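This is start10.cif. It holds mmCIF, C-alpha atoms.
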```cif
data_start
#
loop_
_atom_site.label_atom_id
_atom_site.label_comp_id
_atom_site.auth_asym_id
_atom_site.auth_seq_id
_atom_site.Cartn_x
_atom_site.Cartn_y
_atom_site.Cartn_z
CA MET A 18 0.00 0.00 0.00
CA MET A 19 1.44 3.38 -1.02
CA SER A 20 1.81 6.22 1.44
CA ARG A 21 -0.38 9.24 0.63
CA ILE A 22 1.67 12.38 -0.03
CA GLU A 23 0.38 15.98 -0.19
CA ASP A 24 2.27 18.76 -1.98
CA VAL A 25 2.61 22.18 -0.32
CA LEU A 26 2.27 24.84 -3.02
CA ALA A 27 3.24 28.50 -3.11
CA PRO A 28 0.03 30.57 -3.05
CA PRO A 29 -1.28 31.99 -6.33
CA ASN A 30 -0.80 35.68 -7.00
CA ALA A 31 -2.88 37.51 -9.56
CA GLU A 32 -0.35 40.38 -9.70
CA GLY A 33 2.58 38.07 -10.45
CA THR A 34 4.68 39.22 -7.50
CA ARG A 35 7.68 36.95 -6.91
CA ALA A 36 8.38 35.63 -3.45
CA THR A 37 11.39 34.45 -1.43
CA ILE A 38 11.50 31.83 1.31
CA LEU A 39 11.91 33.79 4.55
CA ARG A 40 11.90 30.89 7.01
CA TRP A 41 10.59 27.39 7.63
CA CYS A 42 8.45 27.04 10.73
CA LYS A 43 8.96 23.27 10.79
CA ALA A 44 11.87 20.90 10.17
CA VAL A 45 11.83 17.65 8.22
CA GLY A 46 10.30 14.93 10.40
CA ASP A 47 8.15 17.32 12.44
CA PRO A 48 4.42 16.63 12.78
CA VAL A 49 2.15 19.37 11.44
CA ILE A 50 -1.52 20.18 11.94
CA LYS A 51 -3.78 21.38 9.13
CA ASP A 52 -3.75 25.19 8.76
CA GLU A 53 -0.71 25.48 11.04
CA PRO A 54 1.96 27.91 9.64
CA LEU A 55 4.50 25.85 7.74
CA VAL A 56 6.64 28.38 5.87
CA GLU A 57 6.87 32.18 5.54
CA LEU A 58 7.31 33.86 2.16
CA GLU A 59 8.54 37.43 1.72
CA THR A 60 7.49 39.46 -1.31
CA ASP A 61 8.16 43.07 -2.23
CA LYS A 62 4.92 43.90 -0.44
CA VAL A 63 4.14 41.59 2.47
CA THR A 64 5.19 38.54 4.44
CA VAL A 65 2.83 35.64 3.77
CA GLU A 66 2.38 32.53 5.89
CA VAL A 67 1.71 29.32 3.97
CA PRO A 68 -0.37 26.96 6.13
CA ALA A 69 -0.20 23.18 6.06
CA PRO A 70 -2.91 21.93 3.65
CA VAL A 71 -3.40 18.73 5.70
CA SER A 72 -2.32 17.20 8.99
CA GLY A 73 0.65 14.89 8.77
CA THR A 74 4.45 14.85 8.82
CA LEU A 75 6.86 17.07 6.90
CA ILE A 76 8.95 14.62 4.89
CA GLU A 77 10.65 16.82 2.32
CA VAL A 78 11.53 20.49 1.77
CA LEU A 79 12.25 21.51 -1.82
CA LYS A 80 13.13 25.18 -1.34
CA GLU A 81 15.72 26.56 1.06
CA VAL A 82 15.72 29.93 2.83
CA ASP A 83 16.30 32.86 0.42
CA ALA A 84 15.27 30.77 -2.61
CA GLU A 85 12.87 32.48 -5.02
CA VAL A 86 9.59 30.73 -5.71
CA SER A 87 6.79 31.18 -8.22
CA PRO A 88 3.02 30.88 -7.69
CA ASP A 89 1.84 27.24 -7.44
CA GLU A 90 5.42 25.94 -7.21
CA VAL A 91 5.88 22.91 -4.93
CA LEU A 92 7.65 23.99 -1.72
CA ALA A 93 7.48 20.82 0.37
CA ARG A 94 5.74 17.49 0.77
CA LEU A 95 3.71 16.08 3.67
CA ARG A 96 2.81 12.50 4.51
CA LEU A 97 -0.79 12.44 5.67
CA ALA A 98 -1.51 11.67 9.31
CA GLY A 99 -2.07 7.98 9.95
CA GLU A 100 -0.16 6.87 6.86
CA SER A 101 2.81 4.56 7.16
CA ALA A 102 6.16 5.75 5.91
CA LEU A 103 7.56 4.08 2.84
CA PRO A 104 10.97 2.46 3.27
CA LYS A 105 12.58 5.10 1.04
CA GLU A 106 11.17 7.85 3.27
CA MET A 107 12.69 6.39 6.43
CA GLY A 108 15.91 8.29 7.05
CA ALA A 109 16.11 9.49 3.44
CA PRO A 110 19.25 11.66 3.40
CA GLN A 111 18.03 13.86 0.57
CA ALA A 112 15.01 14.92 2.62
CA ALA A 113 17.02 15.63 5.75
CA LEU A 114 19.45 17.80 3.82
CA LYS A 115 16.74 20.09 2.50
CA ILE A 116 16.73 22.08 5.75
CA ASP A 117 20.13 23.00 7.11
CA ALA A 118 21.02 23.35 10.77
CA PRO A 119 19.95 26.99 11.15
CA GLN A 120 16.48 26.15 9.79
CA ALA A 121 16.10 23.02 11.88
CA ALA A 122 16.88 25.15 14.92
CA VAL A 123 13.41 26.68 14.57
CA ALA A 124 12.02 23.56 16.24
CA ALA A 125 14.09 24.44 19.30
CA GLY A 126 12.66 27.97 19.40
CA GLN A 127 15.57 29.67 17.64
CA GLU A 128 15.24 31.94 14.63
CA PRO A 129 17.06 30.80 11.45
CA LEU A 130 19.82 32.90 9.93
CA SER A 131 19.89 33.75 6.25
CA PRO A 132 22.95 32.79 4.17
CA SER A 133 24.02 36.43 3.91
CA VAL A 134 23.91 36.82 7.70
CA ARG A 135 25.84 33.59 8.25
CA ARG A 136 28.46 34.80 5.75
CA LEU A 137 28.88 38.13 7.55
CA LEU A 138 29.16 36.39 10.91
CA ARG A 139 31.92 34.14 9.56
CA GLU A 140 33.77 37.08 7.96
CA HIS A 141 33.82 39.02 11.24
CA SER A 142 34.16 36.00 13.57
CA ILE A 143 31.08 36.94 15.55
CA ALA A 144 28.61 34.63 17.28
CA ALA A 145 24.95 35.27 16.52
CA GLY A 146 24.17 35.14 20.22
CA ASP A 147 26.26 38.27 20.79
CA ILE A 148 23.92 40.38 18.65
CA ASN A 149 20.46 41.66 19.51
CA GLY A 150 18.34 40.86 16.47
CA THR A 151 15.81 43.43 15.24
CA GLY A 152 14.09 41.19 12.71
CA ARG A 153 10.89 39.19 13.10
CA ASN A 154 10.85 37.35 16.46
CA GLY A 155 14.34 38.67 17.24
CA ARG A 156 15.90 37.30 14.07
CA VAL A 157 19.42 38.63 13.40
CA THR A 158 19.56 40.56 10.11
CA ALA A 159 22.47 41.66 7.95
CA GLN A 160 21.92 45.23 9.16
CA ASP A 161 22.24 44.02 12.77
CA VAL A 162 25.61 42.42 11.99
CA THR A 163 27.02 45.48 10.20
CA ARG A 164 25.78 47.77 12.96
CA HIS A 165 27.43 45.55 15.59
CA VAL A 166 30.70 45.54 13.64
CA SER A 167 30.64 49.32 13.26
CA GLN A 168 29.93 49.93 16.94
CA SER A 169 32.53 47.44 18.12
CA GLN A 170 35.11 48.53 15.53
CA VAL A 171 36.00 44.88 15.01
CA PRO A 172 38.65 44.47 12.25
CA ARG A 173 37.65 42.16 9.42
CA ALA A 174 40.50 39.73 10.14
CA SER A 175 39.94 39.46 13.91
CA LEU A 176 40.12 36.04 15.51
CA PRO A 177 37.13 34.26 17.10
CA LYS A 178 36.48 35.27 20.68
CA THR A 179 37.29 31.76 21.85
CA ALA A 180 40.83 31.92 20.43
CA PRO A 181 43.55 33.69 22.47
CA GLU A 182 45.11 36.71 20.85
CA PRO A 183 48.75 35.91 19.99
CA ALA A 184 51.44 38.24 21.33
CA ARG A 185 52.57 40.81 18.80
CA ALA A 186 53.89 44.32 18.57
CA PRO A 187 51.38 47.09 19.17
CA ALA A 188 49.53 47.90 15.98
CA PRO A 189 47.91 51.14 14.91
CA ALA A 190 44.17 51.51 15.25
CA PRO A 191 42.33 49.50 12.58
CA ALA A 192 41.64 51.51 9.43
CA ARG A 193 38.16 51.63 8.00
CA ASP A 194 37.72 49.31 5.03
CA ALA A 195 38.20 51.42 1.89
CA ALA A 196 35.52 49.40 0.11
CA GLY A 197 32.94 50.21 2.78
CA THR A 198 30.41 47.77 4.20
CA LEU A 199 28.47 45.34 2.08
CA VAL A 200 24.80 45.33 3.08
CA PRO A 201 22.79 42.66 1.24
CA HIS A 202 19.50 43.78 -0.30
CA THR A 203 16.28 42.67 1.34
CA ALA A 204 13.66 40.98 -0.83
CA ILE A 205 11.55 44.15 -0.64
CA ARG A 206 14.45 46.33 -1.77
CA ARG A 207 15.26 44.03 -4.71
CA ARG A 208 11.65 43.92 -5.90
CA VAL A 209 11.16 47.68 -5.54
CA ALA A 210 14.33 48.29 -7.56
CA GLU A 211 13.16 45.97 -10.34
CA HIS A 212 9.70 47.57 -10.36
CA MET A 213 11.08 51.11 -10.55
CA VAL A 214 13.46 50.32 -13.42
CA ARG A 215 10.71 48.57 -15.37
CA SER A 216 8.29 51.47 -14.84
CA LEU A 217 10.76 54.07 -16.13
CA ALA A 218 11.71 51.86 -19.07
CA ASP A 219 8.10 51.21 -20.12
CA ALA A 220 6.38 54.53 -19.49
CA PRO A 221 7.35 58.06 -20.59
CA HIS A 222 7.03 60.06 -17.36
CA VAL A 223 5.75 63.66 -17.51
CA THR A 224 5.06 65.82 -14.43
CA THR A 225 2.74 68.77 -13.94
CA LEU A 226 3.09 71.06 -10.91
CA PHE A 227 0.43 72.97 -8.96
CA GLU A 228 0.47 74.81 -5.65
CA ALA A 229 -2.25 74.46 -3.00
CA ASP A 230 -3.25 76.79 -0.20
CA LEU A 231 -4.15 74.61 2.80
CA THR A 232 -5.60 77.37 4.98
CA ARG A 233 -9.10 75.87 5.04
CA VAL A 234 -7.83 72.30 5.43
CA LEU A 235 -5.75 73.26 8.45
CA LYS A 236 -8.69 75.18 9.93
CA HIS A 237 -10.91 72.13 9.53
CA ARG A 238 -8.23 69.92 11.07
CA SER A 239 -7.87 72.19 14.11
CA LEU A 240 -11.64 72.07 14.62
CA HIS A 241 -12.02 68.29 14.38
CA ALA A 242 -8.69 66.65 15.24
CA GLN A 243 -9.60 66.25 18.91
CA SER A 244 -12.92 64.63 18.00
CA TYR A 245 -11.10 62.13 15.79
CA GLU A 246 -8.60 61.42 18.57
CA SER A 247 -11.48 60.66 20.94
CA GLN A 248 -12.66 58.07 18.42
CA GLY A 249 -9.26 56.41 18.34
CA THR A 250 -7.76 57.76 15.13
CA ARG A 251 -5.52 60.57 13.91
CA LEU A 252 -6.63 63.18 11.40
CA THR A 253 -3.50 63.63 9.27
CA LEU A 254 -3.13 65.80 6.19
CA THR A 255 -2.80 62.68 4.05
CA VAL A 256 -6.44 61.91 4.87
CA TYR A 257 -7.49 65.13 3.14
CA PHE A 258 -5.37 64.38 0.07
CA ILE A 259 -6.94 60.93 -0.23
CA SER A 260 -10.44 62.38 0.03
CA ALA A 261 -9.71 65.13 -2.52
CA CYS A 262 -8.18 62.61 -4.94
CA ALA A 263 -11.17 60.30 -4.57
CA ARG A 264 -13.44 63.12 -5.69
CA ALA A 265 -11.17 64.10 -8.60
CA LEU A 266 -10.75 60.49 -9.76
CA ARG A 267 -14.52 60.09 -9.96
CA ALA A 268 -14.70 63.23 -12.09
CA HIS A 269 -11.74 62.14 -14.26
CA PRO A 270 -11.96 58.33 -14.56
CA GLU A 271 -9.19 58.25 -17.18
CA VAL A 272 -6.73 58.96 -14.34
CA ASN A 273 -8.19 56.09 -12.30
CA ALA A 274 -7.02 53.55 -14.84
CA THR A 275 -4.47 50.98 -15.85
CA PHE A 276 -2.70 50.87 -19.19
CA THR A 277 -2.28 47.89 -21.51
CA GLN A 278 -0.97 47.77 -25.05
CA ASP A 279 -4.47 47.24 -26.44
CA ALA A 280 -6.71 49.30 -24.19
CA MET A 281 -7.17 51.48 -21.11
CA GLN A 282 -9.09 49.91 -18.26
CA LEU A 283 -11.15 52.52 -16.40
CA HIS A 284 -11.90 51.27 -12.91
CA ALA A 285 -15.29 51.56 -11.25
CA ASP A 286 -13.78 51.70 -7.76
CA VAL A 287 -11.26 54.24 -6.53
CA ASN A 288 -8.56 52.22 -4.74
CA ILE A 289 -5.88 54.63 -3.53
CA GLY A 290 -2.47 53.35 -2.47
CA VAL A 291 -0.37 55.40 -0.06
CA GLY A 292 3.41 55.07 -0.22
CA THR A 293 4.69 54.11 3.23
CA ALA A 294 8.40 54.16 4.05
CA LEU A 295 9.82 51.23 6.02
CA GLY A 296 13.07 52.90 6.98
CA THR A 297 16.05 51.25 5.31
CA LYS A 298 13.96 48.24 4.29
CA GLY A 299 12.26 49.99 1.38
CA LEU A 300 8.79 51.20 0.49
CA ILE A 301 5.38 49.57 0.56
CA VAL A 302 2.03 50.80 -0.79
CA PRO A 303 -1.00 49.70 1.24
CA VAL A 304 -4.31 50.36 -0.51
CA ILE A 305 -7.49 52.07 0.71
CA HIS A 306 -10.17 50.28 -1.27
CA ARG A 307 -13.37 51.97 -2.47
CA ALA A 308 -12.25 55.34 -1.19
CA GLN A 309 -15.09 56.99 -3.12
CA ASP A 310 -17.57 55.49 -0.62
CA LEU A 311 -15.68 56.40 2.55
CA SER A 312 -16.23 59.35 4.85
CA LEU A 313 -13.29 61.39 6.07
CA LEU A 314 -13.44 59.50 9.37
CA ASP A 315 -13.51 56.15 7.56
CA ILE A 316 -10.47 57.13 5.50
CA ALA A 317 -8.60 58.24 8.64
CA ARG A 318 -9.34 54.96 10.41
CA ARG A 319 -8.36 52.84 7.44
CA LEU A 320 -5.16 54.80 6.80
CA ASN A 321 -4.06 54.59 10.43
CA THR A 322 -4.64 50.84 10.51
CA LEU A 323 -2.75 50.23 7.27
CA VAL A 324 0.26 52.37 8.19
CA GLU A 325 0.58 50.74 11.62
CA SER A 326 0.28 47.27 10.07
CA ALA A 327 2.85 48.12 7.38
CA ARG A 328 5.47 49.27 9.88
CA ALA A 329 4.82 46.26 12.11
CA GLY A 330 5.04 43.84 9.18
CA ARG A 331 1.43 42.68 9.61
CA LEU A 332 -0.08 43.62 6.25
CA ALA A 333 -2.21 40.94 4.60
CA PRO A 334 -1.93 40.29 0.83
CA GLN A 335 -5.31 41.93 0.19
CA ASP A 336 -4.06 45.12 1.87
CA VAL A 337 -1.61 45.79 -0.98
CA ARG A 338 -3.57 44.56 -3.98
CA GLY A 339 -5.92 46.23 -6.43
CA GLY A 340 -4.60 49.79 -6.29
CA THR A 341 -5.74 52.09 -9.11
CA PHE A 342 -3.95 55.32 -8.08
CA THR A 343 -1.08 56.18 -5.71
CA ILE A 344 -0.17 59.07 -3.42
CA SER A 345 3.42 59.72 -2.37
CA ASN A 346 3.52 62.16 0.55
CA HIS A 347 7.25 62.85 0.39
CA GLY A 348 6.70 66.10 2.29
CA VAL A 349 6.58 64.22 5.61
CA GLY A 350 10.36 63.95 5.32
CA GLY A 351 10.82 67.66 4.60
CA SER A 352 10.88 67.52 0.79
CA LEU A 353 9.30 70.49 -0.98
CA LEU A 354 9.24 69.01 -4.47
CA ALA A 355 9.99 65.64 -6.06
CA ALA A 356 9.63 65.06 -9.78
CA PRO A 357 9.15 62.81 -11.50
CA ILE A 358 7.85 60.32 -8.96
CA VAL A 359 8.01 56.84 -10.46
CA ILE A 360 4.57 55.57 -11.44
CA ASN A 361 3.30 52.41 -9.77
CA GLN A 362 2.74 50.43 -12.96
CA PRO A 363 0.36 49.50 -14.49
CA GLN A 364 -1.35 52.57 -13.02
CA VAL A 365 -1.17 55.71 -15.15
CA ALA A 366 -0.52 58.45 -12.57
CA ILE A 367 0.87 59.21 -9.12
CA LEU A 368 0.36 62.27 -6.92
CA GLY A 369 3.30 63.81 -5.09
CA VAL A 370 2.67 65.91 -1.99
CA GLY A 371 5.38 68.28 -0.75
CA LYS A 372 6.02 69.76 2.67
CA VAL A 373 3.54 72.35 3.93
CA GLN A 374 5.44 75.62 4.24
CA ARG A 375 4.29 79.11 5.19
CA ARG A 376 5.04 81.37 2.24
CA VAL A 377 4.29 84.94 1.20
CA CYS A 378 1.53 84.94 -1.43
CA VAL A 379 -0.49 87.42 -3.42
CA ILE A 380 -4.19 86.82 -2.78
CA GLU A 381 -7.33 88.31 -4.28
CA ALA A 382 -10.18 89.43 -2.03
CA GLY A 383 -13.02 91.82 -2.74
CA GLY A 384 -11.70 92.65 -6.19
CA SER A 385 -8.30 93.76 -4.90
CA GLU A 386 -4.96 92.13 -4.31
CA SER A 387 -3.02 91.89 -1.08
CA ILE A 388 -0.01 90.10 0.33
CA ALA A 389 -0.47 87.43 2.97
CA VAL A 390 1.37 84.51 4.55
CA ARG A 391 -0.34 81.21 3.79
CA PRO A 392 0.37 77.49 4.41
CA MET A 393 1.26 76.29 0.93
CA CYS A 394 2.42 73.02 -0.56
CA TYR A 395 3.44 71.83 -4.01
CA LEU A 396 1.39 69.07 -5.61
CA THR A 397 2.74 67.16 -8.59
CA LEU A 398 1.02 64.70 -10.85
CA THR A 399 3.35 62.42 -12.76
CA ILE A 400 1.58 60.68 -15.64
CA ASP A 401 2.24 57.90 -18.09
CA HIS A 402 2.25 59.96 -21.28
CA ARG A 403 1.15 56.93 -23.29
CA ALA A 404 -2.17 57.04 -21.42
CA LEU A 405 -2.70 60.68 -20.45
CA ASP A 406 -1.98 64.12 -21.87
CA ALA A 407 -1.30 67.43 -20.15
CA PHE A 408 -4.92 68.56 -20.57
CA GLN A 409 -6.23 65.60 -18.54
CA ALA A 410 -3.47 65.84 -15.95
CA ASN A 411 -4.02 69.56 -15.38
CA ALA A 412 -7.80 69.18 -15.16
CA PHE A 413 -7.44 66.46 -12.53
CA LEU A 414 -4.90 68.34 -10.44
CA LYS A 415 -6.87 71.57 -10.69
CA LEU A 416 -9.90 69.84 -9.13
CA VAL A 417 -7.74 68.38 -6.35
CA VAL A 418 -6.44 71.87 -5.51
CA GLU A 419 -9.91 73.43 -5.65
CA THR A 420 -11.26 70.75 -3.30
CA LEU A 421 -8.51 71.43 -0.77
CA GLU A 422 -8.72 75.22 -0.99
CA GLN A 423 -12.53 75.25 -0.65
CA TRP A 424 -12.74 72.72 2.16
CA PRO A 425 -15.83 73.36 4.32
CA ASP A 426 -15.71 73.78 8.09
CA THR A 427 -18.17 70.91 8.61
CA ALA A 428 -16.90 67.54 9.84
CA GLU A 429 -17.34 65.97 6.39
CA PRO A 430 -16.57 67.53 2.99
CA LEU A 431 -19.34 68.38 0.58
CA HIS A 432 -19.86 65.55 -1.93
CA ASP A 433 -20.91 65.88 -5.53
#
```
Is it possible to express this structure as structure tokens?
Amino acid sequence: MMSRIEDVLAPPNAEGTRATILRWCKAVGDPVIKDEPLVELETDKVTVEVPAPVSGTLIEVLKEVDAEVSPDEVLARLRLAGESALPKEMGAPQAALKIDAPQAAVAAGQEPLSPSVRRLLREHSIAAGDINGTGRNGRVTAQDVTRHVSQSQVPRASLPKTAPEPARAPAPAPARDAAGTLVPHTAIRRRVAEHMVRSLADAPHVTTLFEADLTRVLKHRSLHAQSYESQGTRLTLTVYFISACARALRAHPEVNATFTQDAMQLHADVNIGVGTALGTKGLIVPVIHRAQDLSLLDIARRLNTLVESARAGRLAPQDVRGGTFTISNHGVGGSLLAAPIVINQPQVAILGVGKVQRRVCVIEAGGSESIAVRPMCYLTLTIDHRALDAFQANAFLKLVVETLEQWPDTAEPLHD
């Protein structure tokens, strides 16, 4: 009688995002329960847990840590619970070798080390236990190793701590390596880099620039921020930009679109992605779905939840899928103007929001002009010139600016 074997497959992905094995939660020979996390995959967007499809025993692992995998690719094999092992499965060396010692250590409650981290530890003769890991569950990352080396000023050729230092003449202080420090790319950084290069290669980027007076927005925020706080959410300026864009995208559906060689797909729903920086790890774009149906409070709640989840590494796959338009609020870092901002393909446009700065302006009131100091910010719209022209881009951005500059004092904006 043959033993029943179940394949563990990489999850499908409609957007074609590639994934990398981050860690195995089980070692070969371990029992597993159906729906228990078996392996973690890291994409350019999120970390995804792949659950065990059945209860049984892990008998073979086909992909090691840091290996790239494609949707529906076989990652491992399970023998169903209650099935007898075939003679060839018993102690099969090829199965046992599929997970190396650092991965098998997961069963003992230790986090596995990636090949790049193990290489850096060997080069600098450092034990992983001497470093406080900042990765998931305390995992030691390449950045942790390089930071430890820099702080300790450990020379590259230093001996292991367990070996006595041989007697020698006093040497000058170690010189900094002229080549600098090699910091391996994370999976997110690699995917973002590939995506950016492809976007610039495929789409001719053109940017239009407007300036917005946020006097009324800031007045509204001062009136209602405390009320939002009492309901457990923050009323940030990005919330207003999302709401204004949702209105403008409904009025100009050609901007709320994706481009293909044969046609433009105009989307019924306004799904706005917001670029969120993850420090040195890269950038991720969580999506606020159906923004056209959300109140200002709903947008604030959703944005706060997504940003917190992104920075904690808890985004689900659906949180980053289906975007039809993107906002990059680079002004939070002090930038006044950034152009062009790379379009999140296959979308056709991206809004850039600069820092709010008090500037001297000429304003018209009562048929006369006067000089005043106003809170101003630059707004850019970078478009895919294959899909949009300047006329459409300017009309869209003009409506965004008008919506912001005419913001009512009421808790919710006036809807068309």
Which residues would end up in the selection if the PyMOL selection byres ((chain A and resi 93) around 9) were applied here, given that I need the answer as a PDB file with C-alpha atoms, in the frame of the given file?
```pdb
ATOM      1  CA  GLU A  23       0.380  15.980  -0.190  1.00  0.00           C
ATOM      2  CA  ASP A  24       2.270  18.760  -1.980  1.00  0.00           C
ATOM      3  CA  VAL A  25       2.610  22.180  -0.320  1.00  0.00           C
ATOM      4  CA  LEU A  26       2.270  24.840  -3.020  1.00  0.00           C
ATOM      5  CA  LEU A  75       6.860  17.070   6.900  1.00  0.00           C
ATOM      6  CA  ILE A  76       8.950  14.620   4.890  1.00  0.00           C
ATOM      7  CA  GLU A  77      10.650  16.820   2.320  1.00  0.00           C
ATOM      8  CA  VAL A  78      11.530  20.490   1.770  1.00  0.00           C
ATOM      9  CA  LEU A  79      12.250  21.510  -1.820  1.00  0.00           C
ATOM     10  CA  LYS A  80      13.130  25.180  -1.340  1.00  0.00           C
ATOM     11  CA  VAL A  91       5.880  22.910  -4.930  1.00  0.00           C
ATOM     12  CA  LEU A  92       7.650  23.990  -1.720  1.00  0.00           C
ATOM     13  CA  ARG A  94       5.740  17.490   0.770  1.00  0.00           C
ATOM     14  CA  LEU A  95       3.710  16.080   3.670  1.00  0.00           C
TER      15      LEU A  95
END
```
Expected selection from the PyMOL selection byres ((chain A and resi 355-365) around 10), given as an NGL selection string: :A and (212-217 or 219-226 or 271-277 or 281-282 or 290 or 292 or 302 or 340-348 or 352-354 or 366-371 or 395-405)
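Reported to one decimal place, the separation of atom CA of Pro303 of chain A from atom CA of Phe413 of chain A is 22.6 Å.
The shortest atom-to-atom distance to Leu295 of chain A, with all atoms listed in the file taken into account, belongs to A:Val324 out of A:Ala308, A:Val324, A:Val377, A:Ile259.
Taking atom CA of Ala294 of chain A and atom CA of Ala210 of chain A as the two end points, the separation is 14.3 Å.
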Per-axis box centre and lengths in Å around segment 83-99 of chain A, 8 Å margin per side, axis-aligned, as AutoDock Vina command-line options:
```
--center_x 7.1 --center_y 20.4 --center_z 0.9 --size_x 34.4 --size_y 40.9 --size_z 34.2
```
Separation of atom CA of Arg233 of chain A from atom CA of Leu416 of chain A in Å: 15.4 Å
Close residues, Gly152 of chain A itself excluded, 9 Å, only C-alpha atoms, min 5 positions apart in chain, as a VMD selection string: chain A and resid 157 to 158 161
Hey, can you pull every residue with an atom no more than 8 Å from (-13.5, 61.2, 0.4), using all atoms listed in the file, and send it as a PDB file with C-alpha atoms, in the coordinates of the input?
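Once everything was written out, this is selection_14.pdb:
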```pdb
ATOM      1  CA  TYR A 257      -7.490  65.130   3.140  1.00  0.00           C
ATOM      2  CA  ILE A 259      -6.940  60.930  -0.230  1.00  0.00           C
ATOM      3  CA  SER A 260     -10.440  62.380   0.030  1.00  0.00           C
ATOM      4  CA  ALA A 261      -9.710  65.130  -2.520  1.00  0.00           C
ATOM      5  CA  CYS A 262      -8.180  62.610  -4.940  1.00  0.00           C
ATOM      6  CA  ALA A 263     -11.170  60.300  -4.570  1.00  0.00           C
ATOM      7  CA  ARG A 264     -13.440  63.120  -5.690  1.00  0.00           C
ATOM      8  CA  ALA A 308     -12.250  55.340  -1.190  1.00  0.00           C
ATOM      9  CA  GLN A 309     -15.090  56.990  -3.120  1.00  0.00           C
ATOM     10  CA  ASP A 310     -17.570  55.490  -0.620  1.00  0.00           C
ATOM     11  CA  LEU A 311     -15.680  56.400   2.550  1.00  0.00           C
ATOM     12  CA  SER A 312     -16.230  59.350   4.850  1.00  0.00           C
ATOM     13  CA  LEU A 313     -13.290  61.390   6.070  1.00  0.00           C
ATOM     14  CA  ILE A 316     -10.470  57.130   5.500  1.00  0.00           C
ATOM     15  CA  PRO A 430     -16.570  67.530   2.990  1.00  0.00           C
TER      16      PRO A 430
END
```
Nearest candidate to Gly350 of chain A (options A:Gly296, A:Pro68, A:Pro392, A:Pro270; using only C-alpha atoms): A:Gly296
Shell around Glu325 of chain A at 10 Å using only C-alpha atoms, local window under 6 positions removed, as an MDAnalysis selection string: chainID A and resid 293 331:332
With C-alpha atoms retained, write the just-selected residues as a PDB file, keeping the file's coordinate frame.
```pdb
ATOM      1  CA  THR A 293       4.690  54.110   3.230  1.00  0.00           C
ATOM      2  CA  ARG A 331       1.430  42.680   9.610  1.00  0.00           C
ATOM      3  CA  LEU A 332      -0.080  43.620   6.250  1.00  0.00           C
TER       4      LEU A 332
END
```
The PyMOL selection byres ((chain A and resi 53) around 6) applied to the shown file, residues as a PyMOL selection string: chain A and resi 50-52+54+68-69
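Closest approach to Arg238 of chain A from the set A:Pro28, A:Asp426, A:Val417, A:Gly384 is made by A:Asp426, with distances taken over only C-alpha atoms.
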